[in-house]
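S.K.: This is the structure I want to talk about, given as structure tokens.
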Amino acid sequence: KILLFYVIFYGCLAGIFIGTIQVMLLTISEFKPTYQDRVAPPGLTQVPQIQKTEIAFRPNDPKSYEAYVLNIVRFLEKYKDSAQKDEMIFEDCGSVPSEIKERGEFNNERGERKVCRFKLEWLGNCSGISDETYGYREGKPCLIIKLNRVLGFRPKASRGSSRLLTWPPKNESLETYPMMKYSPFVLPVQCTGKRDEDKEKIGSVEYFGLGGYPGFPLQYYPYYGKLLQPRYLQPLLAVQFTNLTMDTEVRIECKAHGDNIGYSEKDRFQGRFDVKIEVKS
């Protein structure tokens with residue numbers, strides 16, 4: 001009798017446990033997390049991705065920058081025109097920035113969602129089309145910047161009061177952040193010297209992105225996840241440093257600016273990153 005009691009008792013417990021799990025699974029979507037209130041703003045990262053975020057090379061020594069170039073080439077493979085031909089997957093979303101492109105609810109009622117094409121030619125000098133070394137052979141290195149994917153994230157660009165973005169952002173100086181080309185449909189990015197001494201050594205910075213804007217166009221958002229957008233291409237921004245001080249390590253910080261972009265001292269890639277670059281003679 002005691003054995004029968006325990007069999008029935010533990011059988012009931014197992015049934016309750018299984019039933020609870022099944023009810024919980026009914027409330028969870030495989031396409032979107034139920035709660036995202038604790039998800040941090042997306043990180044900002046660069047290509048080439050290197051250890052210790054340090055880039056050092058000699059323009060006259062191809063071996064010294066070969067690894068950086070290969071890293072960029074491999075990353076940009078999926079952005080080639082030949083990889084974006086399928087009309088069932090990709091669509092043209094315009095050559096100028098526009099508003100966020102909603103593609104319905106996060107479910108499979110409409111099947112897989114289309115993905116906006118992103119053309120390499122928009123990256124200008126850093127596209128690899130006219131210069132297969134991405135500026136490294138000339139001592140003018142390029143970085144490819146991307147905003148990490150966060151499912152359902154809708155960037156809110158910092159709003160300007162005129163055709164140009166109202167700089168500086170809060171708690172920054174005009175000397176650090178000069179006026180930039182502005183669009184209400186672009187999440188702007190700015191790269192400057194990290195320290196005062198770096199600001200004098202960074203030289204000029206050129207930006208290459210969709211429509212010539214220094215940032216990420218909003219029509220590429222939101223991201224619907226791997227199940228609904230398995231071939232998703234996040235928008236890119238290329239940055240080229242054309243006259244860095246030679247034989248000096250320059251520390252550079254790049255920041256995305258938006259109403260829902262935050263920064264954290266605990267996570268140095270949240271909304272920003274810094275990289276050290278040294279062009280050796």
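Chain labels run A, B, ... following the order of the structure tokens; each chain numbers its residues from 1, and ligands are numbered from 1 in the order shown.
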Sorted by chain and rising residue number, list the residues of stretch 104-127 of chain A at most 9 Å from stretch 237-251 of chain A (counting only C-alpha atoms), each with its closest atom pair and distance in Å to one decimal, as CSV.

M.R.:
```
residue,atom,partner,partner_atom,distance
A:Trp122,CA,A:Leu237,CA,8.7
A:Leu123,CA,A:Ala238,CA,5.6
A:Gly124,CA,A:Ala238,CA,8.0
A:Asn125,CA,A:Gln240,CA,7.9
A:Cys126,CA,A:Ala238,CA,6.2
A:Ser127,CA,A:Ala238,CA,8.1
```

S.K.: Write out as number ranges by chain the residues lying within 12 Å of A:Asn60, counting only C-alpha atoms and excluding same-chain residues fewer than 5 positions away.

M.R.: A: 65-66, 133, 135-139, 279-281

S.K.: Just the helix (DSSP H, G or I) stuff from stretch 49-177 of chain A, please, per backbone DSSP, written as a VMD selection string.

M.R.: chain A and resid 51 to 53 62 to 79 81 to 84 120 to 126 136 to 138

S.K.: Show me, as a list in words, the residues that have an atom within 8 Å of A:Cys116 when counting only C-alpha atoms, minus same-chain residues fewer than 4 positions from it.

M.R.: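 These residues fall inside the cut-off: Phe90, Glu91, Asp92, Cys93, Gln219, Tyr220, Tyr232 and Leu233 of chain A.
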
S.K.: Enumerate, as a ChimeraX atom specification, the complete set of residues in stretch 78-266 of chain A that a backbone-based DSSP assignment places in strand (DSSP E or B).

M.R.: /A:90-91,115-116,142-147,151,157,164,181,186-193,205-208,215-217,223,236-241,250-256,258

S.K.: Could you check the closest approach to A:Gly193 for each of A:Phe273, A:Phe153, A:Lys181, A:Ser82 and tell me which residue wins, using only C-alpha atoms?

M.R.: A:Phe273

S.K.: Find the distance between atom CA of A:Val23 and atom CA of A:Pro230 and write it in Å to one decimal.

M.R.: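 So the two atoms, atom CA of A:Val23 and atom CA of A:Pro230, lie 28.6 Å apart.
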
S.K.: Of the residues A:Cys142, A:Leu151, A:Cys254, A:Ile202, which is the one nearest to A:Thr45, using only C-alpha atoms?

M.R.: A:Cys254

S.K.: Find the residue from A:Thr192, A:Gln51, A:Gln229, A:Gln84 that sits nearest to A:Asn107; use only C-alpha atoms when measuring.

M.R.: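 Nearest to A:Asn107: A:Gln229.
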
S.K.: Extract, using only C-alpha atoms, all DNA, RNA and protein residues at most 10 Å from A:Arg154, discarding same-chain residues fewer than 5 positions from it, and format them as a PyMOL selection string.

M.R.: chain A and resi 100-102+218-223+260

S.K.: Counting only C-alpha atoms, which residue out of A:Gly128, A:Asp86, A:Met24, A:Phe106 sits closest to A:Arg74?

M.R.: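 Once distances to A:Arg74 are computed over only C-alpha atoms, the minimum belongs to A:Gly128.
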
S.K.: Nearest residue to A:Ala40 out of A:Ile55, A:Val150, A:Ile16, A:Ile145, using only C-alpha atoms?

M.R.: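 Result for the nearest residue to A:Ala40: A:Val150.
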
S.K.: Between A:Asp196, A:Glu206, A:Glu77, A:Glu253, which has the minimum distance to A:Ile277 (counting only C-alpha atoms)?

M.R.: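 Ranked by minimum distance to A:Ile277, first place goes to A:Glu253.
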